[in-house]
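Heads up, structure_32.pdb below (PDB, C-alpha atoms and all ligand atoms):
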ATOM      1  CA  MET X1223      13.991   9.079   0.150
ATOM      2  CA  ARG X1224      11.625  11.946   0.766
ATOM      3  CA  SER X1225      13.312  15.322   0.920
ATOM      4  CA  ASP X1226      10.849  17.490   2.736
ATOM      5  CA  GLY X1227      13.119  20.464   3.091
ATOM      6  CA  ALA X1228      13.549  19.881   6.823
ATOM      7  CA  PRO X1229      16.439  21.818   8.311
ATOM      8  CA  PRO X1230      19.585  19.877   9.177
ATOM      9  CA  SER X1231      19.966  18.966  12.825
ATOM     10  CA  ASP X1232      23.438  20.470  13.178
ATOM     11  CA  PRO X1233      23.741  24.251  13.386
ATOM     12  CA  ALA X1234      26.408  24.524  10.650
ATOM     13  CA  PRO X1235      25.881  27.497   8.367
ATOM     14  CA  ARG X1236      23.690  26.751   5.389
ATOM     15  CA  SER X1237      25.881  27.190   2.397
ATOM     16  CA  ALA X1238      25.897  25.562  -1.021
ATOM     17  CA  VAL X1239      24.939  22.208   0.541
ATOM     18  CA  ILE X1240      21.292  23.161   0.892
ATOM     19  CA  PRO X1241      19.520  24.108  -2.317
ATOM     20  CA  PRO X1242      17.800  27.494  -2.212
ATOM     21  CA  ALA X1243      14.290  26.037  -2.132
ATOM     22  CA  ALA X1244      15.067  23.869   0.886
ATOM     23  CA  ALA X1245      16.764  26.760   2.648
ATOM     24  CA  ALA X1246      13.687  28.889   2.065
ATOM     25  CA  ALA X1247      11.516  26.083   3.404
ATOM     26  CA  SER X1248      13.397  25.890   6.661
ATOM     27  CA  ALA X1249      12.934  29.613   7.156
ATOM     28  CA  GLY X1250       9.309  30.025   6.140
ATOM     29  CA  PRO X1251       6.249  28.054   5.136
ATOM     30  CA  PRO X1252       6.833  24.641   3.510
ATOM     31  CA  VAL X1253       7.515  24.590  -0.223
ATOM     32  CA  PRO X1254       4.610  23.129  -2.234
ATOM     33  CA  ILE X1255       5.487  19.866  -3.958
ATOM     34  CA  VAL X1256       3.843  20.936  -7.227
ATOM     35  CA  GLN X1257       2.783  24.384  -8.280
ATOM     36  CA  PHE X1258       1.326  25.660 -11.555
ATOM     37  CA  ASP X1259       1.436  29.419 -11.917
ATOM     38  CA  ARG X1260      -0.714  30.586 -14.844
ATOM     39  CA  VAL X1261       0.549  27.795 -17.073
ATOM     40  CA  THR X1262      -0.355  27.957 -20.750
ATOM     41  CA  LYS X1263       0.604  25.486 -23.461
ATOM     42  CA  THR X1264       0.219  26.431 -27.096
ATOM     43  CA  TYR X1265       1.521  23.710 -29.406
ATOM     44  CA  ASP X1266       3.626  24.448 -32.506
ATOM     45  CA  ASP X1267       0.525  24.354 -34.700
ATOM     46  CA  GLY X1268      -0.950  27.272 -32.748
ATOM     47  CA  PHE X1269      -3.463  25.186 -30.765
ATOM     48  CA  THR X1270      -3.788  26.207 -27.109
ATOM     49  CA  ALA X1271      -4.409  23.086 -25.033
ATOM     50  CA  ILE X1272      -4.393  24.661 -21.558
ATOM     51  CA  LYS X1273      -4.614  28.282 -20.549
ATOM     52  CA  ASP X1274      -3.676  30.039 -17.318
ATOM     53  CA  VAL X1275      -3.841  26.916 -15.161
ATOM     54  CA  SER X1276      -2.868  27.602 -11.553
ATOM     55  CA  PHE X1277      -2.889  25.292  -8.551
ATOM     56  CA  THR X1278      -0.780  24.466  -5.532
ATOM     57  CA  ILE X1279      -0.268  21.027  -4.018
ATOM     58  CA  GLU X1280       1.308  20.898  -0.587
ATOM     59  CA  ASP X1281       3.681  18.114   0.366
ATOM     60  CA  LEU X1282       1.475  16.682   3.132
ATOM     61  CA  PRO X1283       3.820  15.154   5.715
ATOM     62  CA  ASN X1284       3.489  11.376   6.165
ATOM     63  CA  LYS X1285       0.710  11.233   3.609
ATOM     64  CA  GLY X1286       1.017  12.930   0.240
ATOM     65  CA  GLU X1287      -2.147  14.146  -1.437
ATOM     66  CA  PHE X1288      -4.099  12.131  -4.000
ATOM     67  CA  ILE X1289      -5.321  14.448  -6.761
ATOM     68  CA  THR X1290      -7.717  13.101  -9.371
ATOM     69  CA  ILE X1291      -8.297  14.947 -12.641
ATOM     70  CA  LEU X1292     -11.561  14.745 -14.580
ATOM     71  CA  GLY X1293     -12.348  16.378 -17.881
ATOM     72  CA  PRO X1294     -13.563  15.727 -21.433
ATOM     73  CA  SER X1295     -11.223  14.200 -24.015
ATOM     74  CA  GLY X1296      -8.748  16.692 -25.386
ATOM     75  CA  CYS X1297      -9.088  19.178 -22.511
ATOM     76  CA  GLY X1298      -5.402  19.002 -21.647
ATOM     77  CA  LYS X1299      -5.206  16.383 -18.879
ATOM     78  CA  SER X1300      -2.227  14.573 -20.402
ATOM     79  CA  THR X1301      -0.650  17.932 -21.177
ATOM     80  CA  ILE X1302      -0.775  18.824 -17.464
ATOM     81  CA  LEU X1303       0.709  15.493 -16.380
ATOM     82  CA  ARG X1304       3.485  15.552 -18.955
ATOM     83  CA  LEU X1305       4.394  19.130 -18.064
ATOM     84  CA  ILE X1306       4.992  17.935 -14.494
ATOM     85  CA  ALA X1307       6.984  14.969 -15.848
ATOM     86  CA  GLY X1308       9.092  17.255 -18.063
ATOM     87  CA  LEU X1309       8.203  15.234 -21.178
ATOM     88  CA  ARG X1310       8.226  16.821 -24.643
ATOM     89  CA  PRO X1311       6.469  18.122 -26.647
ATOM     90  CA  GLN X1312       4.080  19.086 -23.822
ATOM     91  CA  PHE X1313       7.090  20.375 -21.906
ATOM     92  CA  PRO X1314       8.109  23.179 -21.799
ATOM     93  CA  PRO X1315       5.035  25.372 -21.239
ATOM     94  CA  THR X1316       4.679  28.403 -23.497
ATOM     95  CA  GLY X1317       3.566  30.592 -20.593
ATOM     96  CA  GLY X1318       3.717  30.556 -16.793
ATOM     97  CA  ALA X1319       5.762  28.317 -14.523
ATOM     98  CA  VAL X1320       5.649  24.642 -13.502
ATOM     99  CA  LEU X1321       7.442  24.174 -10.187
ATOM    100  CA  VAL X1322       8.303  20.925  -8.439
ATOM    101  CA  GLY X1323       9.668  21.291  -4.929
ATOM    102  CA  GLY X1324       9.841  25.022  -5.493
ATOM    103  CA  ARG X1325      12.032  24.817  -8.596
ATOM    104  CA  PRO X1326      11.091  25.027 -12.273
ATOM    105  CA  VAL X1327      10.905  21.622 -13.982
ATOM    106  CA  GLU X1328      13.798  21.295 -16.411
ATOM    107  CA  ARG X1329      13.726  17.659 -17.469
ATOM    108  CA  PRO X1330      12.274  14.264 -16.483
ATOM    109  CA  GLY X1331      13.572  12.852 -13.220
ATOM    110  CA  ALA X1332      13.240   9.782 -11.005
ATOM    111  CA  ASP X1333      11.445  11.918  -8.421
ATOM    112  CA  ARG X1334       8.440  11.788 -10.797
ATOM    113  CA  GLY X1335       7.167   8.355 -11.894
ATOM    114  CA  MET X1336       4.692   7.986 -14.740
ATOM    115  CA  VAL X1337       2.155   5.221 -15.478
ATOM    116  CA  PHE X1338       0.260   5.346 -18.781
ATOM    117  CA  GLN X1339      -2.941   3.705 -20.003
ATOM    118  CA  ASP X1340      -1.178   1.582 -22.607
ATOM    119  CA  TYR X1341       0.836  -0.987 -20.747
ATOM    120  CA  THR X1342       4.348   0.311 -21.247
ATOM    121  CA  ALA X1343       6.821  -2.520 -20.982
ATOM    122  CA  PHE X1344       9.697  -3.867 -23.037
ATOM    123  CA  GLU X1345       8.242  -6.830 -24.902
ATOM    124  CA  ASN X1346      11.625  -8.582 -25.085
ATOM    125  CA  ARG X1347      12.236  -8.371 -21.342
ATOM    126  CA  THR X1348      10.757 -10.585 -18.672
ATOM    127  CA  VAL X1349       8.545  -9.191 -15.910
ATOM    128  CA  GLU X1350      11.442  -9.005 -13.454
ATOM    129  CA  GLU X1351      13.744  -7.407 -16.029
ATOM    130  CA  ASN X1352      11.056  -4.846 -16.813
ATOM    131  CA  VAL X1353      10.487  -4.055 -13.143
ATOM    132  CA  ALA X1354      14.246  -3.806 -12.526
ATOM    133  CA  PHE X1355      14.858  -1.590 -15.561
ATOM    134  CA  GLY X1356      15.109   1.734 -13.699
ATOM    135  CA  LEU X1357      17.520   0.265 -11.158
ATOM    136  CA  GLU X1358      19.606  -1.123 -14.021
ATOM    137  CA  CYS X1359      19.791   2.415 -15.447
ATOM    138  CA  ARG X1360      21.034   3.552 -12.058
ATOM    139  CA  GLY X1361      23.810   0.967 -12.223
ATOM    140  CA  MET X1362      22.554  -1.289  -9.422
ATOM    141  CA  PRO X1363      24.211  -4.743  -9.640
ATOM    142  CA  ARG X1364      22.040  -7.480 -11.189
ATOM    143  CA  LYS X1365      21.535  -9.599  -8.083
ATOM    144  CA  ALA X1366      20.464  -6.664  -5.921
ATOM    145  CA  ARG X1367      18.121  -5.187  -8.519
ATOM    146  CA  LEU X1368      16.410  -8.506  -9.265
ATOM    147  CA  GLU X1369      15.901  -9.048  -5.551
ATOM    148  CA  ARG X1370      14.233  -5.622  -5.289
ATOM    149  CA  ALA X1371      12.229  -6.350  -8.436
ATOM    150  CA  ARG X1372      10.852  -9.599  -6.984
ATOM    151  CA  ASP X1373       9.842  -7.752  -3.852
ATOM    152  CA  TRP X1374       7.935  -5.251  -5.995
ATOM    153  CA  ILE X1375       6.400  -8.016  -8.095
ATOM    154  CA  ARG X1376       4.962  -9.359  -4.842
ATOM    155  CA  ARG X1377       3.855  -5.936  -3.640
ATOM    156  CA  VAL X1378       1.771  -5.357  -6.771
ATOM    157  CA  GLY X1379       0.051  -8.714  -6.302
ATOM    158  CA  LEU X1380       1.949 -10.845  -8.813
ATOM    159  CA  ASP X1381       3.700 -14.091  -7.968
ATOM    160  CA  PRO X1382       7.492 -13.669  -7.755
ATOM    161  CA  VAL X1383       8.031 -17.322  -8.644
ATOM    162  CA  ARG X1384       5.399 -17.924 -11.294
ATOM    163  CA  ASP X1385       5.285 -14.489 -12.957
ATOM    164  CA  ALA X1386       8.833 -13.070 -12.726
ATOM    165  CA  GLY X1387      10.102 -14.927 -15.787
ATOM    166  CA  LYS X1388       7.073 -14.283 -18.007
ATOM    167  CA  TYR X1389       7.147 -11.955 -20.981
ATOM    168  CA  PRO X1390       4.572  -9.151 -21.344
ATOM    169  CA  PHE X1391       2.668 -11.016 -24.106
ATOM    170  CA  GLN X1392       1.943 -13.778 -21.563
ATOM    171  CA  LEU X1393       0.133 -11.368 -19.197
ATOM    172  CA  SER X1394      -3.453 -10.114 -18.952
ATOM    173  CA  GLY X1395      -4.162  -6.378 -19.088
ATOM    174  CA  GLY X1396      -4.429  -6.155 -15.303
ATOM    175  CA  MET X1397      -1.148  -8.021 -14.823
ATOM    176  CA  ARG X1398       0.598  -5.786 -17.344
ATOM    177  CA  GLN X1399      -0.606  -2.724 -15.517
ATOM    178  CA  ARG X1400       0.698  -4.198 -12.248
ATOM    179  CA  VAL X1401       4.098  -4.524 -13.935
ATOM    180  CA  ALA X1402       3.908  -0.913 -15.140
ATOM    181  CA  ILE X1403       3.118   0.250 -11.605
ATOM    182  CA  ALA X1404       5.956  -1.803 -10.098
ATOM    183  CA  ARG X1405       8.385  -0.473 -12.725
ATOM    184  CA  SER X1406       7.571   3.056 -11.744
ATOM    185  CA  LEU X1407       7.258   2.711  -7.964
ATOM    186  CA  ILE X1408      10.468   0.698  -7.499
ATOM    187  CA  LEU X1409      12.285   4.017  -7.953
ATOM    188  CA  ASP X1410      10.443   5.503  -4.964
ATOM    189  CA  PRO X1411       9.145   8.622  -6.716
ATOM    190  CA  ARG X1412       7.794  11.436  -4.559
ATOM    191  CA  ILE X1413       5.289  12.248  -7.288
ATOM    192  CA  ILE X1414       3.326   9.574  -9.153
ATOM    193  CA  LEU X1415       1.714  10.656 -12.436
ATOM    194  CA  MET X1416      -0.967   8.280 -13.723
ATOM    195  CA  ASP X1417      -2.674   8.898 -17.068
ATOM    196  CA  GLU X1418      -5.906   6.860 -17.247
ATOM    197  CA  PRO X1419      -3.989   3.803 -16.025
ATOM    198  CA  PHE X1420      -7.080   1.646 -15.481
ATOM    199  CA  GLY X1421      -9.084   2.897 -18.461
ATOM    200  CA  ALA X1422      -8.697  -0.310 -20.460
ATOM    201  CA  LEU X1423      -9.476  -2.745 -17.624
ATOM    202  CA  ASP X1424     -12.737  -4.581 -16.955
ATOM    203  CA  PRO X1425     -14.753  -3.260 -13.966
ATOM    204  CA  THR X1426     -13.775  -6.009 -11.500
ATOM    205  CA  THR X1427     -10.068  -5.806 -12.303
ATOM    206  CA  ARG X1428     -10.320  -2.042 -12.178
ATOM    207  CA  MET X1429     -11.641  -2.042  -8.615
ATOM    208  CA  ARG X1430      -8.932  -4.467  -7.533
ATOM    209  CA  MET X1431      -6.339  -2.162  -9.047
ATOM    210  CA  GLN X1432      -7.897   0.810  -7.253
ATOM    211  CA  ASP X1433      -7.553  -1.032  -3.930
ATOM    212  CA  LEU X1434      -3.960  -1.946  -4.736
ATOM    213  CA  LEU X1435      -3.121   1.635  -5.625
ATOM    214  CA  VAL X1436      -4.597   2.984  -2.395
ATOM    215  CA  GLU X1437      -2.564   0.463  -0.403
ATOM    216  CA  LEU X1438       0.681   1.317  -2.226
ATOM    217  CA  TRP X1439       0.035   5.042  -1.993
ATOM    218  CA  ARG X1440      -0.495   4.832   1.767
ATOM    219  CA  ALA X1441       2.819   2.994   2.139
ATOM    220  CA  LEU X1442       4.783   5.314  -0.156
ATOM    221  CA  GLN X1443       3.238   8.569   1.089
ATOM    222  CA  ALA X1444       3.783  10.082  -2.337
ATOM    223  CA  THR X1445       1.763  12.784  -4.070
ATOM    224  CA  VAL X1446      -0.393  11.279  -6.824
ATOM    225  CA  PHE X1447      -1.917  12.904  -9.910
ATOM    226  CA  PHE X1448      -4.436  10.510 -11.419
ATOM    227  CA  VAL X1449      -6.299  11.255 -14.654
ATOM    228  CA  THR X1450      -9.543   9.367 -15.256
ATOM    229  CA  HIS X1451     -12.762   9.534 -17.243
ATOM    230  CA  SER X1452     -14.654   7.802 -14.461
ATOM    231  CA  ILE X1453     -16.321  10.048 -11.903
ATOM    232  CA  GLU X1454     -16.631   7.042  -9.545
ATOM    233  CA  GLU X1455     -12.904   6.404  -9.787
ATOM    234  CA  ALA X1456     -12.063  10.075  -9.251
ATOM    235  CA  VAL X1457     -14.292  10.278  -6.170
ATOM    236  CA  TYR X1458     -13.099   6.965  -4.751
ATOM    237  CA  LEU X1459      -9.357   7.529  -5.119
ATOM    238  CA  GLY X1460      -9.014  11.253  -4.633
ATOM    239  CA  ASP X1461      -8.536  13.542  -1.696
ATOM    240  CA  ARG X1462      -9.342  16.308  -4.149
ATOM    241  CA  THR X1463     -10.759  16.216  -7.664
ATOM    242  CA  PHE X1464      -9.928  18.847 -10.271
ATOM    243  CA  VAL X1465     -12.587  19.337 -12.934
ATOM    244  CA  ILE X1466     -11.067  20.666 -16.176
ATOM    245  CA  SER X1467     -12.979  22.487 -18.942
ATOM    246  CA  SER X1468     -12.740  21.560 -22.615
ATOM    247  CA  ALA X1469      -9.829  23.103 -24.528
ATOM    248  CA  PRO X1470      -8.313  25.426 -23.766
ATOM    249  CA  GLY X1471      -8.351  23.616 -20.450
ATOM    250  CA  THR X1472      -8.725  25.524 -17.218
ATOM    251  CA  ILE X1473      -9.550  24.248 -13.754
ATOM    252  CA  LEU X1474     -13.270  24.829 -13.337
ATOM    253  CA  LYS X1475     -13.625  23.376  -9.862
ATOM    254  CA  GLU X1476     -11.641  21.748  -7.102
ATOM    255  CA  VAL X1477     -13.759  19.412  -4.992
ATOM    256  CA  LYS X1478     -12.785  17.686  -1.764
ATOM    257  CA  VAL X1479     -13.996  14.089  -1.920
ATOM    258  CA  PRO X1480     -14.238  11.383   0.767
ATOM    259  CA  PRO X1481     -11.052   9.320   1.298
ATOM    260  CA  PRO X1482     -10.946   5.659   0.192
ATOM    261  CA  ASP X1483     -11.121   4.097   3.627
ATOM    262  CA  ARG X1484     -13.017   0.980   2.590
ATOM    263  CA  PRO X1485     -12.516  -1.473  -0.302
ATOM    264  CA  ALA X1486     -13.655  -0.130  -3.689
ATOM    265  CA  HIS X1487     -16.442  -2.701  -4.210
ATOM    266  CA  VAL X1488     -17.902  -1.875  -0.793
ATOM    267  CA  MET X1489     -17.583   1.893  -0.750
ATOM    268  CA  GLN X1490     -18.607   2.477  -4.360
ATOM    269  CA  ARG X1491     -22.085   1.058  -3.778
ATOM    270  CA  GLU X1492     -22.813   3.004  -0.603
ATOM    271  CA  PRO X1493     -25.522   5.685  -0.901
ATOM    272  CA  ALA X1494     -23.292   8.377   0.639
ATOM    273  CA  PHE X1495     -20.611   7.661  -1.965
ATOM    274  CA  LEU X1496     -23.087   7.651  -4.848
ATOM    275  CA  GLU X1497     -24.485  10.928  -3.575
ATOM    276  CA  VAL X1498     -21.063  12.555  -4.039
ATOM    277  CA  VAL X1499     -20.719  11.004  -7.507
ATOM    278  CA  PHE X1500     -24.143  12.248  -8.608
ATOM    279  CA  SER X1501     -23.588  15.741  -7.266
ATOM    280  CA  LEU X1502     -20.235  15.930  -9.068
ATOM    281  CA  ARG X1503     -21.881  14.700 -12.268
ATOM    282  CA  ASP X1504     -24.607  17.350 -11.920
ATOM    283  CA  MET X1505     -21.979  19.995 -11.290
ATOM    284  CA  ILE X1506     -20.024  18.971 -14.405
ATOM    285  CA  GLU X1507     -23.193  19.026 -16.497
ATOM    286  CA  ARG X1508     -24.007  22.520 -15.252
ATOM    287  CA  LEU X1509     -20.467  23.738 -15.887
ATOM    288  CA  GLU X1510     -20.194  22.176 -19.330
ATOM    289  CA  PRO X1511     -23.548  21.533 -20.919
ATOM    290  CA  SER X1512     -21.978  20.343 -24.197
ATOM    291  CA  THR X1513     -19.026  18.229 -23.059
ATOM    292  CA  ARG X1514     -19.252  16.058 -19.997
ATOM    293  CA  ALA X1515     -16.240  14.862 -18.038
ATOM    294  CA  GLY X1516     -17.697  11.418 -17.555
ATOM    295  CA  ASP X1517     -18.191  10.693 -21.258
TER     296      ASP X1517
HETATM  297  N1  LIG X1601       1.885  17.699 -29.898
HETATM  298  C1  LIG X1601       0.714  18.299 -30.094
HETATM  299  N2  LIG X1601       0.523  19.196 -31.103
HETATM  300  C2  LIG X1601      -0.655  19.803 -31.275
HETATM  301  N3  LIG X1601      -1.743  19.591 -30.505
HETATM  302  C3  LIG X1601      -1.611  18.713 -29.497
HETATM  303  C4  LIG X1601      -0.396  18.030 -29.240
HETATM  304  N4  LIG X1601      -0.595  17.224 -28.163
HETATM  305  C5  LIG X1601      -1.867  17.411 -27.790
HETATM  306  N5  LIG X1601      -2.488  18.300 -28.579
HETATM  307  C6  LIG X1601      -3.861  18.773 -28.474
HETATM  308  O1  LIG X1601      -4.018  19.407 -27.221
HETATM  309  C7  LIG X1601      -5.279  19.073 -26.662
HETATM  310  C8  LIG X1601      -5.077  18.469 -25.291
HETATM  311  O2  LIG X1601      -4.414  17.221 -25.429
HETATM  312  P1  LIG X1601      -4.247  16.239 -24.207
HETATM  313  O3  LIG X1601      -3.547  16.944 -23.113
HETATM  314  O4  LIG X1601      -3.642  15.007 -24.737
HETATM  315  O5  LIG X1601      -5.790  16.013 -23.804
HETATM  316  P2  LIG X1601      -6.469  14.929 -22.817
HETATM  317  O6  LIG X1601      -5.379  14.147 -22.167
HETATM  318  O7  LIG X1601      -7.273  15.739 -21.848
HETATM  319  O8  LIG X1601      -7.366  14.088 -23.660
HETATM  320  C9  LIG X1601      -5.964  18.122 -27.628
HETATM  321  O9  LIG X1601      -6.890  18.852 -28.393
HETATM  322  C10 LIG X1601      -4.842  17.615 -28.495
HETATM  323  O10 LIG X1601      -5.276  17.327 -29.798
HETATM  324 MG    MG X1602      -4.923  12.167 -22.293
END

Structure re-expressed in structure tokens:
Amino acid sequence: MRSDGAPPSDPAPRSAVIPPAAAAASAGPPVPIVQFDRVTKTYDDGFTAIKDVSFTIEDLPNKGEFITILGPSGCGKSTILRLIAGLRPQFPPTGGAVLVGGRPVERPGADRGMVFQDYTAFENRTVEENVAFGLECRGMPRKARLERARDWIRRVGLDPVRDAGKYPFQLSGGMRQRVAIARSLILDPRIILMDEPFGALDPTTRMRMQDLLVELWRALQATVFFVTHSIEEAVYLGDRTFVISSAPGTILKEVKVPPPDRPAHVMQREPAFLEVVFSLRDMIERLEPSTRAGD
């Protein structure tokens, strides 16, 4: 369920039922879905990974924004994602505030789903048991959760009959990443955090996964943060691309990029698309002569 802070239809007084952020939203401008206010993270060893990072992502109604994040290795991309997720040791920040839905992040939650580059799955569970895992944690009865899991197995392009009973070691990289996506999205997160999820896939599989992700994102209308080393991928998937500097990471540029309204293998060879990619690459080279985001 999306909670967009809309006011209740009945005129009953707003008391403890409505959390303060939602109450504020009904009175004034909508509450951003994610906000960083001068966020700094210095790790225990004294190393500052990100410094004074600020941005605001609105909860676009019936859409959700797709944010892609580009930057050299070690610039703090995973730190940013894991701060939103509430995962230690990146969380908590050592300075500034990370707000989700107007409130400071306190811990991980099902409203934020994460997909990593390494195919996270339980090796001793079948595909359907992996996909159903989050629902199992919520106490959903077995029959109902496996039914939902098979639906998600189909939605991510796997075969509910042939693939549901397989174990992760029997799957290709692309299939494993489909399972990881299904495992996360079955919980209907409002925010999807993806950390180089397609980085280990071959180019053809990668484009197929990009198309799948766009399709799922359109249906879920969630806000996506997607970290990648590929400028093409960032331009194709994103509504906006954030370019991060090398550590301590700061946002150097926010660029609006064309929406993915055609299949990846078509759009990514069009001159207009390549023009955007090249200009972004030039911009990154000018901003960071020594460390390039696409490397
Ligand atoms: N737990 C930690 N302790 C100390 N330094 C860390 C820790 N985690 C990450 N770092 C450092 O912080 C910087 C940013 O890390 P990270 O966010 O993982 O970068 P990216 O995802 O952009 O490659 C890196 O230089 C990394 O070595
Ligand atoms: Mg990383």

Might you pull out every residue within 7 Å of X:Tyr1458, with all atoms listed in the file counted and same-chain residues fewer than 3 positions away left off, and present them as a count of residues only?
-> 4

When distances are computed from only C-alpha atoms, which of X:Thr1463, X:Lys1388, X:Pro1485, X:Pro1470 shows the smallest separation from X:Leu1435?
->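 For X:Leu1435, the nearest of the given residues is X:Pro1485.
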
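From atom CA of X:Pro1330 back to atom CA of X:His1451, the distance works out to 25.5 Å.
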
Applied to this file, what does the PyMOL selection byres (((chain X and resi 1347) around 12) and not hetatm) return in terms of residues, put as an mmCIF file with C-alpha atoms, in the frame of the given file?
data_model
loop_
_atom_site.group_PDB
_atom_site.id
_atom_site.type_symbol
_atom_site.label_atom_id
_atom_site.label_comp_id
_atom_site.auth_asym_id
_atom_site.auth_seq_id
_atom_site.Cartn_x
_atom_site.Cartn_y
_atom_site.Cartn_z
ATOM 1 C CA THR X 1342 4.348 0.311 -21.247
ATOM 2 C CA ALA X 1343 6.821 -2.520 -20.982
ATOM 3 C CA PHE X 1344 9.697 -3.867 -23.037
ATOM 4 C CA GLU X 1345 8.242 -6.830 -24.902
ATOM 5 C CA ASN X 1346 11.625 -8.582 -25.085
ATOM 6 C CA THR X 1348 10.757 -10.585 -18.672
ATOM 7 C CA VAL X 1349 8.545 -9.191 -15.910
ATOM 8 C CA GLU X 1350 11.442 -9.005 -13.454
ATOM 9 C CA GLU X 1351 13.744 -7.407 -16.029
ATOM 10 C CA ASN X 1352 11.056 -4.846 -16.813
ATOM 11 C CA VAL X 1353 10.487 -4.055 -13.143
ATOM 12 C CA ALA X 1354 14.246 -3.806 -12.526
ATOM 13 C CA PHE X 1355 14.858 -1.590 -15.561
ATOM 14 C CA ALA X 1386 8.833 -13.070 -12.726
ATOM 15 C CA GLY X 1387 10.102 -14.927 -15.787
ATOM 16 C CA LYS X 1388 7.073 -14.283 -18.007
ATOM 17 C CA TYR X 1389 7.147 -11.955 -20.981
ATOM 18 C CA PRO X 1390 4.572 -9.151 -21.344
ATOM 19 C CA PHE X 1391 2.668 -11.016 -24.106
ATOM 20 C CA GLN X 1392 1.943 -13.778 -21.563
ATOM 21 C CA VAL X 1401 4.098 -4.524 -13.935
#

Selection near X:Gly1335, 6 Å with all atoms listed in the file, sequence-local residues under 3 positions removed, as number ranges by chain | X: 1406, 1411, 1414-1415

Between X:Gly1356, X:Pro1252, X:Gly1286, X:Pro1419, which is the closest to ligand MG 1602 (chain X) once you count all atoms listed in the file?
-> X:Pro1419

Grab me every residue within 10 Å of ligand MG 1602 (chain X), counting only C-alpha atoms and all ligand atoms, and send it over as a list of chain:residue names.
-> X:Gly1293, X:Pro1294, X:Ser1295, X:Gly1296, X:Cys1297, X:Gly1298, X:Lys1299, X:Ser1300, X:Thr1301, X:Ile1302, X:Leu1303, X:Arg1304, X:Phe1338, X:Gln1339, X:Asp1417, X:Glu1418, X:Val1449, X:Thr1450, X:His1451

Check which residues satisfy the PyMOL selection byres (((chain X and resi 1263-1267) around 10) and not hetatm) in the file shown, then give them as a compact mmCIF listing (two decimals) with C-alpha atoms, in the frame of the given file.
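In the end it all went to expr_32.txt:
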# COMPACT_ATOMS: atom_id res chain seq x y z
CA VAL X 1261 0.55 27.80 -17.07
CA THR X 1262 -0.36 27.96 -20.75
CA GLY X 1268 -0.95 27.27 -32.75
CA PHE X 1269 -3.46 25.19 -30.76
CA THR X 1270 -3.79 26.21 -27.11
CA ALA X 1271 -4.41 23.09 -25.03
CA ILE X 1272 -4.39 24.66 -21.56
CA LYS X 1273 -4.61 28.28 -20.55
CA ASP X 1274 -3.68 30.04 -17.32
CA VAL X 1275 -3.84 26.92 -15.16
CA GLY X 1298 -5.40 19.00 -21.65
CA THR X 1301 -0.65 17.93 -21.18
CA ILE X 1302 -0.78 18.82 -17.46
CA LEU X 1305 4.39 19.13 -18.06
CA PRO X 1311 6.47 18.12 -26.65
CA GLN X 1312 4.08 19.09 -23.82
CA PHE X 1313 7.09 20.38 -21.91
CA PRO X 1314 8.11 23.18 -21.80
CA PRO X 1315 5.04 25.37 -21.24
CA THR X 1316 4.68 28.40 -23.50
CA GLY X 1317 3.57 30.59 -20.59
CA GLY X 1318 3.72 30.56 -16.79
CA PRO X 1470 -8.31 25.43 -23.77
CA GLY X 1471 -8.35 23.62 -20.45

Skipping near chain neighbours, those fewer than 5 positions away, what residues fall within 10 Å of X:Ala1441 using only C-alpha atoms, listed as a list of chain:residue names?
->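 That gives X:Asn1284, X:Lys1285, X:Leu1435, X:Val1436.
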
Test item: which residues lie within 10 Å of (1.5, -5.1, -7.1) counting all atoms listed in the file, as a PyMOL selection string = chain X and resi 1373-1381+1397+1399-1404+1407+1431+1434-1435+1437-1438

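Relative to atom CA of X:Ala1444, atom CA of X:Pro1326 is found at 19.4 Å.
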
Have a look at X:Trp1439, X:Tyr1341, X:Phe1448, X:Phe1258 and name the one nearest to ligand LIG 1601 (chain X); count all atoms listed in the file.
->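 Between X:Trp1439, X:Tyr1341, X:Phe1448, X:Phe1258, the residue approaching ligand LIG 1601 (chain X) most closely is X:Phe1448.
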
Please, what is the axis-aligned box for every listed atom of ligand LIG 1601 (chain X) with 8 Å on each side, as centre and edge lengths in Å to one decimal, as lines of an AutoDock Vina configuration file?
center_x = -2.7
center_y = 16.9
center_z = -26.6
size_x = 25.3
size_y = 21.7
size_z = 25.4

Atom CA of X:Ser1452 to atom CA of X:Lys1478, straight-line distance in Å =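 Going from atom CA of X:Lys1478 over to atom CA of X:Ser1452 covers 16.2 Å.
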
Might you spell out which residues the PyMOL selection byres (((chain X and resi 1329) around 8) and not hetatm) would select in the displayed file, as a list of chain:residue names?
->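 Output of the PyMOL selection byres (((chain X and resi 1329) around 8) and not hetatm): X:Ala1307, X:Gly1308, X:Leu1309, X:Val1327, X:Glu1328, X:Pro1330, X:Gly1331.
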
Once you have the residues from the selection above, write them out as a compact mmCIF listing (two decimals), in the frame of the given file, restricted to C-alpha atoms.
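Below you can see again_21.txt, which holds the result:
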# COMPACT_ATOMS: atom_id res chain seq x y z
CA ALA X 1307 6.98 14.97 -15.85
CA GLY X 1308 9.09 17.26 -18.06
CA LEU X 1309 8.20 15.23 -21.18
CA VAL X 1327 10.90 21.62 -13.98
CA GLU X 1328 13.80 21.30 -16.41
CA PRO X 1330 12.27 14.26 -16.48
CA GLY X 1331 13.57 12.85 -13.22
